[in-house]
$ cat protein_21.txt   # compact mmCIF, C-alpha atoms
# COMPACT_ATOMS: atom_id res chain seq x y z
CA LYS G 9 41.16 29.15 -61.81
CA ALA G 10 37.53 28.05 -61.48
CA LEU G 11 36.03 31.50 -61.97
CA PRO G 12 37.18 32.05 -65.59
CA LEU G 13 36.21 28.48 -66.45
CA LEU G 14 32.71 28.93 -65.03
CA THR G 15 32.33 32.24 -66.84
CA ASN G 16 33.35 30.59 -70.13
CA VAL G 17 30.95 27.71 -69.56
CA LEU G 18 28.11 30.14 -68.80
CA GLN G 19 28.80 31.98 -72.05
CA SER G 20 28.82 28.74 -74.04
CA PHE G 21 25.66 27.51 -72.26
CA GLU G 22 23.66 30.61 -73.19
CA ARG G 23 21.24 28.52 -75.28
CA GLN G 24 20.99 25.64 -72.82
CA PRO G 25 17.88 25.02 -70.67
CA PRO G 26 17.32 27.47 -67.79
CA ASP G 27 17.67 24.79 -65.11
CA GLU G 28 21.21 23.96 -66.28
CA ARG G 29 22.24 27.61 -66.46
CA ALA G 30 20.73 28.24 -63.03
CA ALA G 31 22.94 25.55 -61.49
CA LEU G 32 26.03 27.09 -63.09
CA TYR G 33 25.17 30.55 -61.75
CA ARG G 34 24.74 29.06 -58.29
CA VAL G 35 28.13 27.35 -58.46
CA ARG G 36 29.79 30.53 -59.72
CA GLY G 37 28.10 32.41 -56.86
CA ASP G 38 29.73 29.98 -54.44
CA CYS G 39 33.05 30.61 -56.19
CA TYR G 40 32.64 34.39 -55.82
CA MET G 41 31.92 33.93 -52.10
CA ALA G 42 35.09 31.85 -51.70
CA LEU G 43 36.96 34.73 -53.33
CA LYS G 44 35.31 37.22 -50.92
CA LEU G 45 33.35 38.95 -53.70
CA PRO G 46 29.87 39.05 -52.14
CA GLN G 47 28.29 41.55 -54.56
CA GLN G 48 29.12 39.38 -57.57
CA ALA G 49 27.99 36.32 -55.61
CA ALA G 50 24.64 37.93 -54.75
CA ASP G 51 24.15 38.84 -58.41
CA ASP G 52 24.78 35.25 -59.53
CA PHE G 53 22.53 33.76 -56.85
CA SER G 54 19.81 36.18 -57.96
CA ARG G 55 20.28 35.17 -61.62
CA CYS G 56 20.00 31.54 -60.56
CA LEU G 57 16.70 32.22 -58.78
CA VAL G 58 15.30 34.22 -61.72
CA LEU G 59 16.08 31.33 -64.07
CA MET G 60 14.49 28.79 -61.70
CA ASN G 61 11.36 30.94 -61.38
CA GLY G 62 10.98 31.30 -65.15
CA PRO G 63 9.89 28.88 -67.88
CA GLY G 64 11.88 25.64 -67.68
CA GLY G 65 13.16 26.44 -64.22
CA GLU G 66 10.86 23.90 -62.63
CA ARG G 67 13.18 21.16 -63.97
CA ALA G 68 16.02 22.35 -61.73
CA ASP G 69 17.34 20.01 -59.08
CA PRO G 70 15.19 20.61 -55.96
CA SER G 71 18.31 21.25 -53.88
CA GLU G 72 19.32 24.23 -56.03
CA ARG G 73 16.64 26.64 -54.78
CA PRO G 74 17.47 26.46 -51.04
CA LEU G 75 21.20 26.55 -51.83
CA ALA G 76 20.74 29.67 -53.98
CA ARG G 77 18.58 31.37 -51.32
CA LEU G 78 21.07 30.54 -48.58
CA GLY G 79 23.97 31.66 -50.76
CA ARG G 80 22.32 34.98 -51.56
CA ALA G 81 21.46 35.56 -47.90
CA ARG G 82 25.08 35.00 -46.90
CA ALA G 83 26.33 37.22 -49.73
CA LEU G 84 23.97 40.03 -48.73
CA ARG G 85 24.93 39.73 -45.06
CA SER G 86 28.61 39.81 -46.05
CA ARG G 87 28.03 43.17 -47.70
CA VAL G 88 26.21 44.78 -44.77
CA GLY G 89 29.33 46.55 -43.50
CA ASP G 90 30.38 47.96 -46.88
CA ASP G 91 31.10 51.69 -46.70
CA GLY G 92 29.02 52.44 -49.79
CA PHE G 93 25.71 51.54 -48.14
CA ASN G 94 23.16 54.14 -47.29
CA GLN G 95 20.61 53.40 -44.56
CA GLU G 96 17.81 52.45 -46.99
CA ASP G 97 20.07 50.10 -48.96
CA TRP G 98 21.30 48.51 -45.73
CA LYS G 99 17.72 47.89 -44.59
CA ARG G 100 16.63 46.48 -47.96
CA ARG G 101 19.55 44.04 -48.04
CA ASN G 102 18.91 42.86 -44.47
CA VAL G 103 15.22 42.31 -45.20
CA GLN G 104 16.09 40.34 -48.36
CA ALA G 105 18.71 38.30 -46.47
CA ALA G 106 16.21 37.44 -43.72
CA ASP G 107 13.62 36.44 -46.33
CA ASP G 108 16.20 34.27 -48.11
CA TYR G 109 17.28 32.55 -44.87
CA ARG G 110 13.66 31.82 -44.02
CA ALA G 111 12.91 30.49 -47.51
CA ALA G 112 16.03 28.30 -47.55
CA LEU G 113 15.24 26.77 -44.17
CA THR G 114 11.57 26.26 -45.05
CA LEU G 115 12.49 24.60 -48.36
CA THR G 116 14.71 22.08 -46.55
CA GLY G 117 12.07 21.25 -43.93
CA ASN G 118 9.69 18.30 -44.00
CA ASP G 119 6.93 18.84 -46.58
CA ASP G 120 4.35 17.24 -44.27
CA PHE G 121 4.63 20.15 -41.82
CA ASP G 122 3.06 23.59 -41.94
CA GLU G 123 5.33 26.55 -42.76
CA GLU G 124 6.48 27.29 -39.20
CA GLU G 125 7.17 23.61 -38.52
CA ARG G 126 9.09 23.32 -41.83
CA LEU G 127 11.15 26.35 -40.80
CA ALA G 128 11.99 24.76 -37.43
CA ASP G 129 12.75 21.42 -39.11
CA GLY G 130 15.00 23.12 -41.68
CA LEU G 131 16.87 24.90 -38.89
CA ALA G 132 17.24 21.64 -36.95
CA LYS G 133 18.73 19.99 -40.05
CA ASN G 134 21.19 22.83 -40.60
CA PRO G 135 21.70 24.87 -37.41
CA TYR G 136 24.61 26.78 -38.98
CA ALA G 137 22.60 27.97 -41.98
CA ALA G 138 21.58 31.25 -40.35
CA TRP G 139 25.23 32.02 -39.55
$ encode --input "protein_21.txt" --output "structure tokens"
Amino acid sequence: KALPLLTNVLQSFERQPPDERAALYRVRGDCYMALKLPQQAADDFSRCLVLMNGPGGERADPSERPLARLGRARALRSRVGDDGFNQEDWKRRNVQAADDYRAALTLTGNDDFDEEERLADGLAKNPYAAW
């Protein structure tokens, strides 16, 4: 029931600020993952990140970016075994998933640390993130 509601809200929010639309795409991505639709989930997580990286996206809740990166990583990893993958596509998706996991963990780490320490801190805070 949530999926059609989120889709309707996204359509009606078309003229709303990017940070608000980004959050809705992230939530719908989570909904797609719960429904075992990883391709659609990855697409929505990507839309969320595009909106947050564009004008107005800097106003997004700081927790949205790591959640979107982690969500996309999980969606991409969920698709790795799909029969329609060729070797190059498989590699590209794994590289993107690894980059997303790293970014999500780094974004949740302590800002006072350097990048490697933030990564370790982010992993310590959420040891199940890398699945």
$ residues_near_point --input "protein_21.txt" --point "(38.8, 28.7, -61.2)" --cutoff "12 Å" --atoms "only C-alpha atoms" --output "PyMOL selection string"
chain G and resi 9-17+35-36+38-40+42-43
$ write_last_selection --input "protein_21.txt" --atoms "C-alpha atoms" --output "compact mmCIF listing (two decimals), in the coordinates of the input"
# COMPACT_ATOMS: atom_id res chain seq x y z
CA LYS G 9 41.16 29.15 -61.81
CA ALA G 10 37.53 28.05 -61.48
CA LEU G 11 36.03 31.50 -61.97
CA PRO G 12 37.18 32.05 -65.59
CA LEU G 13 36.21 28.48 -66.45
CA LEU G 14 32.71 28.93 -65.03
CA THR G 15 32.33 32.24 -66.84
CA ASN G 16 33.35 30.59 -70.13
CA VAL G 17 30.95 27.71 -69.56
CA VAL G 35 28.13 27.35 -58.46
CA ARG G 36 29.79 30.53 -59.72
CA ASP G 38 29.73 29.98 -54.44
CA CYS G 39 33.05 30.61 -56.19
CA TYR G 40 32.64 34.39 -55.82
CA ALA G 42 35.09 31.85 -51.70
CA LEU G 43 36.96 34.73 -53.33
$ residues_around --input "protein_21.txt" --residues "segment 58-64 of chain G" --least-positions-apart "5" --cutoff "12 Å" --atoms "only C-alpha atoms" --output "VMD selection string"
chain G and resid 22 24 to 34 51 to 53 69 to 74 76 to 77
$ residues_around --input "protein_21.txt" --residues "Gln104 of chain G" --least-positions-apart "4" --cutoff "10 Å" --atoms "only C-alpha atoms" --output "PyMOL selection string"
chain G and resi 77+80-81+84-85+99-100+108-110
$ atom_distance --input "protein_21.txt" --atom1 "atom CA of Arg101 of chain G" --atom2 "atom CA of Asp122 of chain G"
27.0 Å
$ closest_residue --input "protein_21.txt" --among "G:Ala105, G:Trp98, G:Asn134, G:Phe21" --to "Ser54 of chain G" --atoms "all atoms listed in the file"
G:Ala105
$ atom_distance --input "protein_21.txt" --atom1 "atom CA of Ala68 of chain G" --atom2 "atom CA of Asp107 of chain G"
21.0 Å
$ atom_distance --input "protein_21.txt" --atom1 "atom CA of Cys56 of chain G" --atom2 "atom CA of Glu123 of chain G"
23.6 Å
$ closest_residue --input "protein_21.txt" --among "G:Ala49, G:Gly65, G:Lys44, G:Ala111" --to "Glu124 of chain G" --atoms "only C-alpha atoms"
G:Ala111
$ build_atoms --input "protein_21.txt" --residues "segment 28-47 of chain G" --atoms "N, CA and C atoms" --output "JSON list (two decimals), in the coordinates of the input"
[["chain", "number", "residue", "atom", "x", "y", "z"],
["G", 28, "GLU", "N", 19.77, 24.22, -66.23],
["G", 28, "GLU", "CA", 21.21, 23.96, -66.28],
["G", 28, "GLU", "C", 22.01, 25.24, -66.07],
["G", 29, "ARG", "N", 21.55, 26.33, -66.66],
["G", 29, "ARG", "CA", 22.24, 27.61, -66.46],
["G", 29, "ARG", "C", 22.12, 28.07, -65.02],
["G", 30, "ALA", "N", 20.94, 27.84, -64.43],
["G", 30, "ALA", "CA", 20.73, 28.24, -63.03],
["G", 30, "ALA", "C", 21.75, 27.56, -62.12],
["G", 31, "ALA", "N", 21.97, 26.28, -62.33],
["G", 31, "ALA", "CA", 22.94, 25.55, -61.49],
["G", 31, "ALA", "C", 24.34, 26.13, -61.65],
["G", 32, "LEU", "N", 24.70, 26.51, -62.87],
["G", 32, "LEU", "CA", 26.03, 27.09, -63.09],
["G", 32, "LEU", "C", 26.17, 28.45, -62.40],
["G", 33, "TYR", "N", 25.11, 29.26, -62.45],
["G", 33, "TYR", "CA", 25.17, 30.55, -61.75],
["G", 33, "TYR", "C", 25.31, 30.34, -60.25],
["G", 34, "ARG", "N", 24.63, 29.32, -59.72],
["G", 34, "ARG", "CA", 24.74, 29.06, -58.29],
["G", 34, "ARG", "C", 26.16, 28.65, -57.92],
["G", 35, "VAL", "N", 26.76, 27.79, -58.73],
["G", 35, "VAL", "CA", 28.13, 27.35, -58.46],
["G", 35, "VAL", "C", 29.10, 28.53, -58.58],
["G", 36, "ARG", "N", 28.89, 29.38, -59.60],
["G", 36, "ARG", "CA", 29.79, 30.53, -59.72],
["G", 36, "ARG", "C", 29.58, 31.49, -58.55],
["G", 37, "GLY", "N", 28.35, 31.61, -58.06],
["G", 37, "GLY", "CA", 28.10, 32.41, -56.86],
["G", 37, "GLY", "C", 28.89, 31.90, -55.67],
["G", 38, "ASP", "N", 28.92, 30.58, -55.51],
["G", 38, "ASP", "CA", 29.73, 29.98, -54.44],
["G", 38, "ASP", "C", 31.21, 30.31, -54.63],
["G", 39, "CYS", "N", 31.65, 30.28, -55.88],
["G", 39, "CYS", "CA", 33.05, 30.61, -56.19],
["G", 39, "CYS", "C", 33.35, 32.06, -55.82],
["G", 40, "TYR", "N", 32.45, 32.98, -56.19],
["G", 40, "TYR", "CA", 32.64, 34.39, -55.82],
["G", 40, "TYR", "C", 32.71, 34.55, -54.30],
["G", 41, "MET", "N", 31.87, 33.82, -53.57],
["G", 41, "MET", "CA", 31.92, 33.93, -52.10],
["G", 41, "MET", "C", 33.26, 33.44, -51.57],
["G", 42, "ALA", "N", 33.78, 32.36, -52.13],
["G", 42, "ALA", "CA", 35.09, 31.85, -51.70],
["G", 42, "ALA", "C", 36.20, 32.87, -51.96],
["G", 43, "LEU", "N", 35.99, 33.69, -52.99],
["G", 43, "LEU", "CA", 36.96, 34.73, -53.33],
["G", 43, "LEU", "C", 36.69, 36.05, -52.61],
["G", 44, "LYS", "N", 35.70, 36.03, -51.70],
["G", 44, "LYS", "CA", 35.31, 37.22, -50.92],
["G", 44, "LYS", "C", 34.83, 38.36, -51.82],
["G", 45, "LEU", "N", 33.98, 37.99, -52.79],
["G", 45, "LEU", "CA", 33.35, 38.95, -53.70],
["G", 45, "LEU", "C", 31.83, 38.82, -53.56],
["G", 46, "PRO", "N", 31.28, 39.29, -52.42],
["G", 46, "PRO", "CA", 29.87, 39.05, -52.14],
["G", 46, "PRO", "C", 28.89, 39.74, -53.09],
["G", 47, "GLN", "N", 29.23, 40.90, -53.64],
["G", 47, "GLN", "CA", 28.29, 41.55, -54.56],
["G", 47, "GLN", "C", 28.11, 40.71, -55.82]]
